[in-house]
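query32.cif (mmCIF, C-alpha atoms) appears below.
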data_run
#
loop_
_atom_site.label_atom_id
_atom_site.label_comp_id
_atom_site.auth_asym_id
_atom_site.auth_seq_id
_atom_site.Cartn_x
_atom_site.Cartn_y
_atom_site.Cartn_z
CA MET A 290 146.28 157.31 21.69
CA ASN A 291 145.80 154.53 24.23
CA PHE A 292 149.08 152.73 24.85
CA LEU A 293 147.67 150.39 27.52
CA SER A 294 147.44 146.67 26.85
CA THR A 295 144.08 144.95 26.64
CA ARG A 296 145.37 142.74 29.45
CA VAL A 297 145.75 145.55 31.96
CA GLN A 298 142.50 147.18 30.86
CA ALA A 299 140.64 143.94 31.65
CA ILE A 300 141.46 144.14 35.36
CA LYS A 301 140.74 146.60 38.15
CA GLU A 302 142.49 147.84 41.25
CA SER A 303 142.14 145.55 44.27
CA PRO A 304 138.93 146.80 45.94
CA THR A 305 140.07 145.86 49.44
CA LEU A 306 143.31 147.81 49.06
CA ALA A 307 141.39 150.71 47.51
CA VAL A 308 138.96 150.89 50.45
CA THR A 309 141.84 150.76 52.94
CA ALA A 310 143.72 153.49 51.07
CA ARG A 311 140.64 155.71 50.93
CA ALA A 312 140.00 155.30 54.66
CA ALA A 313 143.64 156.21 55.33
CA ARG A 314 143.36 159.35 53.15
CA LEU A 315 140.21 160.49 54.96
CA LYS A 316 141.88 159.94 58.33
CA ALA A 317 144.89 161.97 57.17
CA GLU A 318 142.48 164.78 56.27
CA GLY A 319 141.22 164.76 59.85
CA LYS A 320 138.01 162.77 59.28
CA ASP A 321 136.85 160.36 61.98
CA VAL A 322 136.91 157.08 60.06
CA ILE A 323 136.97 153.49 61.32
CA GLY A 324 138.52 151.28 58.66
CA LEU A 325 137.14 147.74 58.54
CA GLY A 326 138.51 146.97 55.10
CA ALA A 327 142.03 145.73 55.76
CA GLY A 328 142.55 141.98 55.86
CA GLU A 329 145.52 141.98 58.19
CA PRO A 330 145.92 141.12 61.88
CA ASP A 331 146.25 144.15 64.17
CA PHE A 332 148.85 142.30 66.25
CA ASP A 333 152.61 142.80 66.08
CA THR A 334 154.83 140.13 64.54
CA PRO A 335 155.99 137.85 67.39
CA ALA A 336 159.31 138.87 68.98
CA HIS A 337 161.31 135.75 68.07
CA ILE A 338 160.45 136.24 64.39
CA LYS A 339 161.61 139.86 64.42
CA ALA A 340 164.76 138.82 66.30
CA ALA A 341 165.61 136.31 63.57
CA ALA A 342 165.29 139.04 60.93
CA ILE A 343 167.45 141.46 62.93
CA LYS A 344 170.10 138.77 63.34
CA ALA A 345 170.01 138.12 59.59
CA ILE A 346 170.66 141.81 58.94
CA ASN A 347 173.50 141.93 61.47
CA ASP A 348 174.98 138.76 59.97
CA GLY A 349 174.99 140.38 56.52
CA PHE A 350 172.37 138.04 55.03
CA THR A 351 171.32 140.77 52.60
CA LYS A 352 172.28 139.35 49.18
CA TYR A 353 170.43 137.48 46.47
CA THR A 354 169.12 134.05 47.40
CA PRO A 355 167.98 131.14 45.23
CA VAL A 356 164.93 132.28 43.22
CA GLY A 357 162.55 129.75 44.74
CA GLY A 358 163.59 130.25 48.36
CA ILE A 359 166.48 129.56 50.74
CA PRO A 360 167.03 125.88 51.63
CA GLY A 361 166.32 126.48 55.33
CA LEU A 362 162.89 127.97 54.63
CA LYS A 363 162.00 125.31 52.07
CA LYS A 364 162.90 122.61 54.61
CA ALA A 365 160.70 124.38 57.18
CA ILE A 366 157.81 124.42 54.68
CA VAL A 367 158.27 120.71 53.91
CA ALA A 368 158.25 120.02 57.67
CA LYS A 369 155.15 122.22 58.19
CA PHE A 370 153.18 120.29 55.56
CA SER A 371 154.19 116.99 57.15
CA ARG A 372 153.45 118.16 60.71
CA ASP A 373 150.21 120.07 60.14
CA ASN A 374 148.65 118.45 57.09
CA GLY A 375 150.12 114.97 56.66
CA PHE A 376 151.50 115.87 53.22
CA GLU A 377 154.95 114.69 52.14
CA TYR A 378 156.74 116.94 49.65
CA SER A 379 160.34 117.15 48.45
CA MET A 380 162.12 120.51 48.34
CA LYS A 381 161.78 120.44 44.54
CA GLU A 382 158.00 120.45 44.99
CA VAL A 383 158.03 123.68 47.04
CA ILE A 384 158.46 127.34 46.06
CA VAL A 385 158.59 130.55 48.10
CA GLY A 386 157.06 133.69 46.58
CA VAL A 387 156.73 137.39 47.33
CA GLY A 388 153.45 136.84 49.18
CA GLY A 389 150.70 134.34 48.51
CA LYS A 390 149.35 136.54 45.71
CA GLN A 391 152.51 136.12 43.64
CA CYS A 392 152.33 132.34 44.03
CA ILE A 393 148.77 132.39 42.64
CA PHE A 394 149.86 134.70 39.80
CA ASN A 395 152.79 132.42 38.94
CA LEU A 396 150.55 129.36 39.02
CA ALA A 397 147.99 130.96 36.69
CA LEU A 398 150.64 132.08 34.22
CA ALA A 399 152.32 128.66 34.37
CA VAL A 400 149.25 126.52 33.62
CA LEU A 401 146.63 128.66 31.83
CA ASN A 402 146.33 129.38 28.11
CA PRO A 403 144.00 131.78 26.27
CA GLY A 404 140.50 130.35 26.29
CA ASP A 405 141.01 128.09 29.30
CA GLU A 406 138.31 128.31 31.99
CA VAL A 407 138.87 128.75 35.71
CA VAL A 408 136.01 127.70 38.02
CA ILE A 409 135.75 130.14 40.95
CA PRO A 410 133.05 129.81 43.64
CA ALA A 411 131.62 133.19 44.70
CA PRO A 412 132.02 134.96 47.05
CA TYR A 413 135.70 134.75 46.14
CA TRP A 414 138.89 136.54 47.14
CA VAL A 415 139.03 139.68 45.03
CA SER A 416 142.12 138.74 43.01
CA TYR A 417 141.20 135.28 41.69
CA ALA A 418 139.12 136.46 38.73
CA ASP A 419 141.52 139.24 37.75
CA ILE A 420 144.52 136.92 37.92
CA ALA A 421 142.70 134.53 35.56
CA LEU A 422 142.06 137.44 33.20
CA VAL A 423 145.74 138.47 33.21
CA ALA A 424 146.54 134.89 32.17
CA GLU A 425 144.02 135.38 29.30
CA ALA A 426 141.74 132.70 30.74
CA THR A 427 138.01 132.98 31.41
CA PRO A 428 136.77 133.09 35.01
CA VAL A 429 133.64 130.94 35.45
CA ILE A 430 131.93 132.33 38.53
CA VAL A 431 129.64 129.97 40.46
CA PRO A 432 127.31 131.85 42.88
CA CYS A 433 127.24 130.27 46.35
CA GLY A 434 125.09 132.50 48.53
CA ILE A 435 124.31 132.61 52.21
CA GLU A 436 121.51 130.08 51.68
CA GLN A 437 124.13 127.35 51.11
CA GLY A 438 126.67 128.60 53.63
CA PHE A 439 128.80 130.27 50.91
CA LYS A 440 130.13 126.86 49.75
CA ILE A 441 130.00 125.26 46.31
CA THR A 442 128.15 121.96 46.04
CA PRO A 443 129.33 118.93 44.04
CA ALA A 444 126.37 119.39 41.67
CA GLN A 445 127.35 123.02 41.03
CA LEU A 446 130.97 122.06 40.40
CA GLU A 447 129.95 119.28 38.01
CA ALA A 448 127.70 121.69 36.07
CA ALA A 449 130.46 124.31 35.82
CA ILE A 450 133.11 122.00 34.36
CA THR A 451 133.42 121.93 30.57
CA PRO A 452 136.07 120.55 28.19
CA LYS A 453 137.75 123.98 28.50
CA THR A 454 138.02 123.88 32.30
CA ARG A 455 141.67 123.93 33.31
CA LEU A 456 141.68 125.07 36.96
CA PHE A 457 139.41 124.97 40.01
CA MET A 458 140.09 127.48 42.82
CA ILE A 459 139.05 126.60 46.36
CA ASN A 460 139.68 128.81 49.41
CA SER A 461 139.00 127.45 52.89
CA PRO A 462 138.79 129.16 55.34
CA SER A 463 137.33 131.68 52.93
CA ASN A 464 138.11 135.32 52.41
CA PRO A 465 135.58 137.05 52.50
CA THR A 466 133.04 134.78 54.22
CA GLY A 467 134.99 132.74 56.77
CA ALA A 468 133.29 129.59 55.44
CA VAL A 469 135.21 126.35 56.01
CA TYR A 470 134.62 123.10 54.10
CA SER A 471 134.24 119.94 56.16
CA LEU A 472 136.10 116.76 55.22
CA ASP A 473 132.85 115.24 53.91
CA GLU A 474 132.10 118.32 51.78
CA LEU A 475 135.61 118.15 50.34
CA ARG A 476 135.19 114.44 49.58
CA GLY A 477 132.08 115.31 47.58
CA LEU A 478 134.01 117.88 45.52
CA GLY A 479 136.95 115.49 45.17
CA ALA A 480 134.69 112.80 43.72
CA VAL A 481 133.62 115.23 40.98
CA LEU A 482 137.20 116.25 40.22
CA LEU A 483 138.34 112.64 39.94
CA ARG A 484 135.96 112.32 36.98
CA HIS A 485 137.65 115.24 35.17
CA PRO A 486 141.40 114.52 34.89
CA GLN A 487 142.05 117.64 32.79
CA VAL A 488 141.25 119.93 35.75
CA LEU A 489 144.00 121.20 38.04
CA ILE A 490 143.13 122.22 41.60
CA ALA A 491 144.49 125.22 43.50
CA THR A 492 143.68 125.17 47.22
CA ASP A 493 144.33 128.50 48.96
CA ASP A 494 144.87 127.71 52.65
CA MET A 495 146.19 131.13 53.74
CA TYR A 496 143.78 131.28 56.71
CA GLU A 497 144.41 127.67 57.81
CA HIS A 498 145.46 128.65 61.34
CA ILE A 499 142.76 131.31 61.87
CA ASN A 500 140.41 128.65 63.18
CA LEU A 501 137.32 130.03 64.92
CA SER A 502 135.40 126.76 65.36
CA GLY A 503 138.06 124.58 66.96
CA GLN A 504 137.35 121.82 64.41
CA PRO A 505 140.41 120.19 62.77
CA PHE A 506 141.49 121.84 59.52
CA ALA A 507 141.30 119.80 56.31
CA ASN A 508 141.92 120.59 52.68
CA ILE A 509 140.94 118.74 49.54
CA LEU A 510 144.05 116.52 49.55
CA ASN A 511 143.17 115.24 53.01
CA ALA A 512 139.78 114.29 51.59
CA THR A 513 140.93 112.96 48.20
CA PRO A 514 144.65 112.08 48.21
CA ALA A 515 144.38 110.74 44.66
CA LEU A 516 144.29 114.37 43.44
CA ARG A 517 147.87 115.02 44.60
CA ASP A 518 149.43 114.94 41.13
CA ARG A 519 147.21 117.82 39.95
CA THR A 520 146.81 119.91 43.07
CA VAL A 521 148.82 122.95 44.15
CA VAL A 522 148.57 123.88 47.83
CA LEU A 523 148.99 127.62 48.49
CA ASN A 524 149.75 129.13 51.87
CA GLY A 525 151.90 131.74 53.62
CA VAL A 526 152.92 133.32 56.91
CA SER A 527 150.98 136.59 56.56
CA LYS A 528 147.83 135.87 58.54
CA ALA A 529 148.84 133.27 61.12
CA TYR A 530 151.95 135.12 62.30
CA ALA A 531 150.87 138.75 61.69
CA MET A 532 153.46 139.10 58.91
CA THR A 533 151.48 140.74 56.10
CA GLY A 534 154.19 143.30 55.29
CA TRP A 535 156.97 140.72 55.17
CA ARG A 536 155.50 139.38 51.89
CA ILE A 537 156.21 135.66 52.09
CA GLY A 538 153.90 133.08 50.56
CA TYR A 539 154.62 129.55 49.44
CA ALA A 540 153.22 126.74 47.33
CA ALA A 541 153.68 123.00 46.98
CA GLY A 542 152.67 120.74 44.13
CA PRO A 543 153.84 118.72 41.14
CA GLU A 544 157.53 119.34 40.45
CA ASN A 545 157.05 120.40 36.81
CA ILE A 546 154.46 123.04 37.77
CA ILE A 547 156.59 124.34 40.66
CA LYS A 548 159.61 124.58 38.31
CA ALA A 549 157.55 126.53 35.77
CA MET A 550 156.45 128.91 38.55
CA GLU A 551 160.10 129.37 39.52
CA ASN A 552 161.05 130.17 35.92
CA LEU A 553 158.39 132.89 35.85
CA GLN A 554 159.58 134.27 39.18
CA SER A 555 163.17 134.35 37.91
CA GLN A 556 162.03 136.74 35.17
CA SER A 557 159.84 138.93 37.41
CA THR A 558 160.86 139.57 41.01
CA SER A 559 163.68 137.01 41.38
CA ASN A 560 163.97 135.86 45.01
CA PRO A 561 161.77 136.99 47.88
CA THR A 562 163.54 139.29 50.34
CA SER A 563 166.38 137.44 52.04
CA ILE A 564 165.64 138.84 55.51
CA ALA A 565 161.91 138.08 55.29
CA GLN A 566 162.70 134.49 54.33
CA VAL A 567 164.75 134.05 57.50
CA ALA A 568 161.87 135.51 59.51
CA ALA A 569 159.39 133.12 57.84
CA GLN A 570 161.64 130.17 58.66
CA ALA A 571 161.66 131.26 62.31
CA ALA A 572 157.86 131.51 62.22
CA LEU A 573 157.36 128.00 60.86
CA GLU A 574 160.03 126.36 63.04
CA GLY A 575 159.33 128.29 66.25
CA ASP A 576 156.81 128.07 69.05
CA GLN A 577 153.39 127.75 67.43
CA SER A 578 151.60 128.83 70.60
CA VAL A 579 152.22 132.47 69.58
CA ILE A 580 149.10 132.10 67.41
CA GLU A 581 146.82 131.39 70.39
CA PRO A 582 146.45 134.95 71.82
CA MET A 583 145.44 136.17 68.35
CA LEU A 584 142.92 133.34 67.95
CA LYS A 585 141.39 134.08 71.35
CA ALA A 586 140.89 137.73 70.38
CA PHE A 587 139.50 136.86 66.94
CA ARG A 588 136.97 134.43 68.45
CA GLU A 589 135.74 137.04 70.95
CA ARG A 590 135.48 139.73 68.26
CA HIS A 591 133.72 137.35 65.88
CA GLU A 592 131.03 136.50 68.41
CA PHE A 593 130.50 140.18 69.23
CA VAL A 594 130.30 141.33 65.59
CA VAL A 595 127.94 138.56 64.43
CA THR A 596 125.59 139.18 67.39
CA ARG A 597 125.51 142.92 66.78
CA LEU A 598 125.03 142.64 63.00
CA ASN A 599 122.12 140.23 63.39
CA ALA A 600 120.40 142.69 65.73
CA MET A 601 120.39 145.37 63.01
CA PRO A 602 117.41 145.85 60.67
CA GLY A 603 117.86 144.30 57.23
CA LEU A 604 121.07 142.37 57.96
CA ASN A 605 121.60 138.61 58.17
CA CYS A 606 125.03 137.33 59.19
CA ILE A 607 125.88 133.66 59.66
CA PRO A 608 128.80 132.73 61.93
CA ALA A 609 132.17 132.12 60.32
CA SER A 610 134.32 129.07 61.05
CA GLY A 611 137.66 130.62 60.08
CA ALA A 612 139.50 133.77 58.97
CA PHE A 613 138.65 137.16 60.54
CA TYR A 614 135.75 138.42 58.46
CA SER A 615 132.00 138.74 58.72
CA PHE A 616 130.00 138.85 55.48
CA PRO A 617 126.43 139.97 56.20
CA ASP A 618 123.64 139.73 53.66
CA ALA A 619 122.45 143.36 53.38
CA ARG A 620 119.96 143.03 50.53
CA GLU A 621 116.97 143.84 52.74
CA ALA A 622 118.72 146.86 54.29
CA ILE A 623 119.78 148.10 50.84
CA ALA A 624 116.22 147.88 49.50
CA SER A 625 114.90 149.72 52.55
CA LEU A 626 117.48 152.52 52.38
CA HIS A 627 116.91 152.95 48.64
CA GLY A 628 113.14 152.98 49.12
CA LYS A 629 113.51 155.77 51.66
CA GLY A 630 115.75 157.73 49.29
CA ARG A 631 118.80 157.51 51.55
CA ILE A 632 120.98 155.80 48.92
CA PRO A 633 120.77 156.62 45.18
CA THR A 634 120.81 153.03 43.89
CA ALA A 635 119.87 149.68 45.40
CA SER A 636 123.46 148.40 45.42
CA ASP A 637 126.12 147.38 47.89
CA MET A 638 128.42 150.05 46.44
CA ALA A 639 125.85 152.71 47.37
CA LEU A 640 125.51 151.22 50.86
CA SER A 641 129.29 151.25 51.37
CA GLU A 642 129.47 154.88 50.25
CA TYR A 643 126.60 155.73 52.58
CA LEU A 644 128.30 154.12 55.59
CA LEU A 645 131.56 155.90 54.86
CA GLU A 646 130.05 159.32 54.19
CA THR A 647 127.39 159.40 56.94
CA VAL A 648 128.96 157.52 59.87
CA GLY A 649 132.62 157.16 58.90
CA VAL A 650 132.83 153.36 58.67
CA ALA A 651 134.76 151.83 55.75
CA VAL A 652 133.58 148.37 54.63
CA VAL A 653 134.15 146.48 51.37
CA PRO A 654 131.08 145.95 49.14
CA GLY A 655 130.21 142.35 48.40
CA SER A 656 130.29 142.95 44.64
CA ALA A 657 134.09 143.17 44.94
CA PHE A 658 133.94 139.48 45.86
CA GLY A 659 131.39 138.52 43.20
CA ALA A 660 128.45 138.78 45.63
CA GLU A 661 126.19 141.81 45.11
CA GLY A 662 124.11 142.78 48.12
CA TYR A 663 126.59 141.85 50.85
CA PHE A 664 129.51 143.62 52.52
CA ARG A 665 132.67 142.46 54.26
CA ILE A 666 133.81 143.54 57.69
CA SER A 667 137.28 142.69 58.94
CA PHE A 668 137.35 142.18 62.69
CA ALA A 669 141.16 142.21 62.68
CA THR A 670 141.01 145.44 64.65
CA SER A 671 140.54 146.37 68.29
CA MET A 672 137.34 145.68 70.21
CA THR A 673 137.15 149.42 70.89
CA ASN A 674 137.04 150.10 67.14
CA LEU A 675 134.52 147.32 66.58
CA GLU A 676 132.19 148.55 69.33
CA ALA A 677 132.23 152.06 67.86
CA ALA A 678 131.79 150.76 64.31
CA MET A 679 128.81 148.58 65.24
CA ARG A 680 127.13 151.56 66.97
CA ARG A 681 127.64 153.68 63.87
CA ILE A 682 126.37 151.06 61.41
CA ALA A 683 123.28 150.51 63.59
CA GLN A 684 122.70 154.27 63.61
CA ALA A 685 123.03 154.43 59.81
CA LEU A 686 120.54 151.60 59.30
CA ALA A 687 118.03 152.73 61.93
#
Show the structure stored in the file as structure tokens.
Amino acid sequence: MNFLSTRVQAIKESPTLAVTARAARLKAEGKDVIGLGAGEPDFDTPAHIKAAAIKAINDGFTKYTPVGGIPGLKKAIVAKFSRDNGFEYSMKEVIVGVGGKQCIFNLALAVLNPGDEVVIPAPYWVSYADIALVAEATPVIVPCGIEQGFKITPAQLEAAITPKTRLFMINSPSNPTGAVYSLDELRGLGAVLLRHPQVLIATDDMYEHINLSGQPFANILNATPALRDRTVVLNGVSKAYAMTGWRIGYAAGPENIIKAMENLQSQSTSNPTSIAQVAAQAALEGDQSVIEPMLKAFRERHEFVVTRLNAMPGLNCIPASGAFYSFPDAREAIASLHGKGRIPTASDMALSEYLLETVGVAVVPGSAFGAEGYFRISFATSMTNLEAAMRRIAQALA
């Protein structure tokens, strides 16, 4: 007898975490594998952030905290939004979660009902669609391929919205593509959303500070401030401060939605880890120049990877403007390899298996992000690893 809920059977394991785990298992077995699946900086957490956590431990700050975050961290988040984004929030409009993913989960469970539709541009971060499914909503996937820079157009958004649309997810800079919306592009999307007052907006800004282009960051509220009363801004400390394992994300938005998210959190995880909250406060309040050495490395790696990928047969990779991913179009390479009998099916899954099995490079297939025929490379690893990985991929495609 199957005792599993239909809810859990509707979702799958996170493909990015699965690829990373498989690469780690193969390495443990003695295989020579370069893992390009993990979406986490290969830098250490800055020293002043670790020092704040150590002090918190030594001071005995190891008890329960308020569910939605300690006052010091919430004040730091309010100050960050004012300083970096020009947004003014009260502490009641801010919540701290156990990573950005939990904030998105709490938001979905707080605002979605069975039958509601969630508009998600593809390629999308792997968890958006599954989180919508857990909330018993319907993901409406809008394909936005390389031909349009991996960004949804106002016309596409207008066509996707129905009377059942409840939420629109936007992620800029994007995981997996590194695409970044300009202020004008966001104004175009904002104009559409103003015509549909039943639609809430979730803007996932987790990669805000991983800026490869040097252009000022903007999100949809900078473009269309009139959407404030139905927009939730999601962010965290994981990527900018190399704090993935600390598990601190945060969100800001309408007070009633934030309170509902807090109620859900009170019944699931309760508060985020006390020590990690102190560390996150130190990150947001401390010297922001600690991000610069990471950015310099990411920009150099990005230029190297894009140049090398575009020199390979059957690949087309456009430059990213943010995050630390490249997302090459491999449809031509896949067709060629399948035609030669080197992969069993003409799919990105078969290509990913081929790269792992023949040359020991782990990448994430584009279908995990709603984009068949592509694959994602994380360049949040050393240049030595990237040089070796590019040689191996070129060998596999030759």
Output check: residues returned by the PyMOL selection byres ((chain A and resi 549) around 12), as a list in words: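 Output of the PyMOL selection byres ((chain A and resi 549) around 12): Val356, Gly357, Lys381, Glu382, Val383, Ile384, Cys392, Phe394, Asn395, Leu396, Ala397, Leu398, Ala399, Val400, Leu401, Gly542, Pro543, Glu544, Asn545, Ile546, Ile547, Lys548, Met550, Glu551, Asn552, Leu553, Gln554, Ser555 and Gln556 of chain A.
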Chain and number of each residue from the PyMOL selection byres ((chain A and resi 439-449) around 9), as a VMD selection string: chain A and resid 408 410 to 412 429 to 438 450 to 451 454 457 463 466 to 470 474 to 475 477 to 482
Within 7 Å of file point (148.4, 130.7, 52.1), counting all atoms listed in the file, expressed as a list of chain:residue names: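 Selection result: A:Gly389, A:Asp493, A:Asp494, A:Met495, A:Tyr496, A:Leu523, A:Asn524, A:Gly525, A:Gly538, A:Tyr539.
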Residues matched by the PyMOL selection byres ((chain A and resi 304-307) around 9), written as an MDAnalysis selection string: chainID A and resid 301:303 308:312 326:328 415 652:654 657:658
Selected residues written out with C-alpha atoms, as a PDB file, in the coordinates of the input:
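Full text of out-v3.pdb as output:
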ATOM      1  CA  LYS A 301     140.740 146.600  38.150  1.00  0.00           C
ATOM      2  CA  GLU A 302     142.490 147.840  41.250  1.00  0.00           C
ATOM      3  CA  SER A 303     142.140 145.550  44.270  1.00  0.00           C
ATOM      4  CA  VAL A 308     138.960 150.890  50.450  1.00  0.00           C
ATOM      5  CA  THR A 309     141.840 150.760  52.940  1.00  0.00           C
ATOM      6  CA  ALA A 310     143.720 153.490  51.070  1.00  0.00           C
ATOM      7  CA  ARG A 311     140.640 155.710  50.930  1.00  0.00           C
ATOM      8  CA  ALA A 312     140.000 155.300  54.660  1.00  0.00           C
ATOM      9  CA  GLY A 326     138.510 146.970  55.100  1.00  0.00           C
ATOM     10  CA  ALA A 327     142.030 145.730  55.760  1.00  0.00           C
ATOM     11  CA  GLY A 328     142.550 141.980  55.860  1.00  0.00           C
ATOM     12  CA  VAL A 415     139.030 139.680  45.030  1.00  0.00           C
ATOM     13  CA  VAL A 652     133.580 148.370  54.630  1.00  0.00           C
ATOM     14  CA  VAL A 653     134.150 146.480  51.370  1.00  0.00           C
ATOM     15  CA  PRO A 654     131.080 145.950  49.140  1.00  0.00           C
ATOM     16  CA  ALA A 657     134.090 143.170  44.940  1.00  0.00           C
ATOM     17  CA  PHE A 658     133.940 139.480  45.860  1.00  0.00           C
TER      18      PHE A 658
END
Counting only C-alpha atoms, the option among A:Ala507, A:Val579, A:Ile343, A:Leu501 closest to Ser563 (chain A): A:Ile343
Among the residues A:Leu645, A:Arg631, A:Ala568, A:Ala541, the one that comes closest to Ser371 (chain A) [using all atoms listed in the file]: A:Ala541
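For the residues A:Val594, A:Ala540, A:Cys606, A:Ala612, ranking by smallest atom-to-atom distance to Glu497 (chain A) using only C-alpha atoms places A:Ala612 first.
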Minimum-distance residue to Ala685 (chain A), chosen among A:Pro602, A:Gly534, A:Pro335, A:Gly388 (using only C-alpha atoms): A:Pro602
For Phe370 (chain A), the nearest of the candidates A:Trp535, A:Pro355, A:Glu574, A:Ala651, counting all atoms listed in the file: A:Glu574
Subset file: region 338-354 of chain A, N, CA, C and O atoms, as a PDB file, in the first residue's frame:
ATOM      1  N   ILE A 338      32.432  38.027  10.014  1.00  0.00           N
ATOM      2  CA  ILE A 338      31.128  37.357  10.156  1.00  0.00           C
ATOM      3  C   ILE A 338      31.283  36.121  11.035  1.00  0.00           C
ATOM      4  O   ILE A 338      30.477  35.880  11.958  1.00  0.00           O
ATOM      5  N   LYS A 339      32.326  35.346  10.798  1.00  0.00           N
ATOM      6  CA  LYS A 339      32.590  34.171  11.641  1.00  0.00           C
ATOM      7  C   LYS A 339      32.870  34.595  13.088  1.00  0.00           C
ATOM      8  O   LYS A 339      32.423  33.942  14.033  1.00  0.00           O
ATOM      9  N   ALA A 340      33.609  35.703  13.244  1.00  0.00           N
ATOM     10  CA  ALA A 340      33.934  36.182  14.591  1.00  0.00           C
ATOM     11  C   ALA A 340      32.674  36.547  15.370  1.00  0.00           C
ATOM     12  O   ALA A 340      32.569  36.280  16.574  1.00  0.00           O
ATOM     13  N   ALA A 341      31.699  37.144  14.664  1.00  0.00           N
ATOM     14  CA  ALA A 341      30.439  37.505  15.331  1.00  0.00           C
ATOM     15  C   ALA A 341      29.698  36.257  15.811  1.00  0.00           C
ATOM     16  O   ALA A 341      29.124  36.250  16.911  1.00  0.00           O
ATOM     17  N   ALA A 342      29.737  35.190  14.992  1.00  0.00           N
ATOM     18  CA  ALA A 342      29.079  33.942  15.387  1.00  0.00           C
ATOM     19  C   ALA A 342      29.789  33.301  16.577  1.00  0.00           C
ATOM     20  O   ALA A 342      29.136  32.797  17.511  1.00  0.00           O
ATOM     21  N   ILE A 343      31.114  33.317  16.555  1.00  0.00           N
ATOM     22  CA  ILE A 343      31.882  32.737  17.671  1.00  0.00           C
ATOM     23  C   ILE A 343      31.598  33.494  18.960  1.00  0.00           C
ATOM     24  O   ILE A 343      31.414  32.899  20.033  1.00  0.00           O
ATOM     25  N   LYS A 344      31.537  34.816  18.859  1.00  0.00           N
ATOM     26  CA  LYS A 344      31.219  35.625  20.040  1.00  0.00           C
ATOM     27  C   LYS A 344      29.826  35.293  20.566  1.00  0.00           C
ATOM     28  O   LYS A 344      29.607  35.207  21.791  1.00  0.00           O
ATOM     29  N   ALA A 345      28.880  35.096  19.646  1.00  0.00           N
ATOM     30  CA  ALA A 345      27.516  34.754  20.068  1.00  0.00           C
ATOM     31  C   ALA A 345      27.500  33.434  20.843  1.00  0.00           C
ATOM     32  O   ALA A 345      26.807  33.301  21.867  1.00  0.00           O
ATOM     33  N   ILE A 346      28.282  32.464  20.368  1.00  0.00           N
ATOM     34  CA  ILE A 346      28.372  31.187  21.082  1.00  0.00           C
ATOM     35  C   ILE A 346      28.977  31.400  22.463  1.00  0.00           C
ATOM     36  O   ILE A 346      28.447  30.928  23.486  1.00  0.00           O
ATOM     37  N   ASN A 347      30.086  32.130  22.521  1.00  0.00           N
ATOM     38  CA  ASN A 347      30.768  32.358  23.798  1.00  0.00           C
ATOM     39  C   ASN A 347      29.921  33.174  24.762  1.00  0.00           C
ATOM     40  O   ASN A 347      30.046  33.032  25.978  1.00  0.00           O
ATOM     41  N   ASP A 348      29.049  34.029  24.209  1.00  0.00           N
ATOM     42  CA  ASP A 348      28.155  34.832  25.047  1.00  0.00           C
ATOM     43  C   ASP A 348      26.903  34.058  25.470  1.00  0.00           C
ATOM     44  O   ASP A 348      26.050  34.605  26.176  1.00  0.00           O
ATOM     45  N   GLY A 349      26.774  32.821  24.999  1.00  0.00           N
ATOM     46  CA  GLY A 349      25.614  32.007  25.371  1.00  0.00           C
ATOM     47  C   GLY A 349      24.350  32.338  24.603  1.00  0.00           C
ATOM     48  O   GLY A 349      23.246  32.015  25.056  1.00  0.00           O
ATOM     49  N   PHE A 350      24.497  32.950  23.409  1.00  0.00           N
ATOM     50  CA  PHE A 350      23.312  33.296  22.613  1.00  0.00           C
ATOM     51  C   PHE A 350      22.889  32.057  21.812  1.00  0.00           C
ATOM     52  O   PHE A 350      22.995  32.013  20.590  1.00  0.00           O
ATOM     53  N   THR A 351      22.411  31.056  22.536  1.00  0.00           N
ATOM     54  CA  THR A 351      22.134  29.743  21.939  1.00  0.00           C
ATOM     55  C   THR A 351      20.723  29.254  22.254  1.00  0.00           C
ATOM     56  O   THR A 351      20.447  28.052  22.195  1.00  0.00           O
ATOM     57  N   LYS A 352      19.826  30.170  22.573  1.00  0.00           N
ATOM     58  CA  LYS A 352      18.443  29.811  22.918  1.00  0.00           C
ATOM     59  C   LYS A 352      17.493  30.166  21.776  1.00  0.00           C
ATOM     60  O   LYS A 352      17.895  30.704  20.759  1.00  0.00           O
ATOM     61  N   TYR A 353      16.206  29.871  21.998  1.00  0.00           N
ATOM     62  CA  TYR A 353      15.197  30.282  21.034  1.00  0.00           C
ATOM     63  C   TYR A 353      15.223  31.794  20.853  1.00  0.00           C
ATOM     64  O   TYR A 353      15.528  32.542  21.783  1.00  0.00           O
ATOM     65  N   THR A 354      14.869  32.221  19.648  1.00  0.00           N
ATOM     66  CA  THR A 354      14.699  33.646  19.377  1.00  0.00           C
ATOM     67  C   THR A 354      13.269  33.871  18.903  1.00  0.00           C
ATOM     68  O   THR A 354      12.530  32.896  18.681  1.00  0.00           O
TER      69      THR A 354
END
